[in-house]
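For reference, the structure discussed in these notes is given below.
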Amino acid sequence: MDLIPWRKRGRELSLASFRDEMNKLFENFFSSGLNIEPVFGAGWSPALDISETDDAVTVKAELPGVDAKDVDLSLSGDVLTIKGEKKEEKEEKDRSYYRVERSYGSFSRTLRIPATVEPDKIEATFDKGVLSITMPKKEEQKGKKIEITGKEKAE
């Protein structure tokens with residue numbers, strides 16, 4: 001007997017996508033208290049990439065269809081909050097819809113920053129629907145390479 005892949009809304013549900021959904025569930029549960037609304041589809045939630053280098057922490061959020069003026073950023077301690085609203089386009093009365101998949105409404109993502117950053121030096125840019133937030137680390141959080149000196153033992 002052959003295995004038939006389970007399809008969810010026309011997409012193949014893979015183990016990787018299941019793992020990603022579980023990661024989102026735990027990330028939202030532990031990083032923003034009990035705010036698990038975005039995971040269960042009560043609204044929409046932008047996808048985030050969070051990366052860290054020796055000098056900075058960078059967050060990128062996909063915000064297609066959102067204007068930069070409709071996004072608010074705040075940093076409180078080590079918690080970054082991205083809030084905003086994706087406004088619905090004007091509906092045409094003479095158009096019949098067979099399927100509506102695009103999401104509209106307000107969103108909020110809260111995440112804990114993995115290092116202490118300089119709040120006054122944070123830069124945020126918005127280009128082609130992607131919000132990029134660069135947060136320079138405080139000097140004491142930056143890694144320091146230590147050189148090893150001495151002579152090699154001659155044999």
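Following the order of the structure tokens, chains are lettered A, B, ..., residues in each are numbered from 1, and ligands are numbered from 1.
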Selection: 12 Å around stretch 50-66 of chain A, only C-alpha atoms, excl. self and same-chain fewer than 6 positions, as number ranges by chain | A: 44, 72-73, 78, 80-89, 102-119, 121-145
From the set A:Asp94, A:Ser74, A:Arg99, A:Glu147, which residue has the shortest atom-to-atom contact distance to A:Asp120, counting only C-alpha atoms?
-> A:Ser74
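Atom CA of A:Ala68 lies 18.1 Å from atom CA of A:Asp49.
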Could you tell me how far atom CA of A:Val79 lies from atom CA of A:Asn23, in Å and to one decimal?
->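 We find that atom CA of A:Val79 and atom CA of A:Asn23 lie 18.7 Å from each other.
Note that the spacing between atom CA of A:Phe18 and atom CA of A:Leu48 amounts to 17.1 Å.
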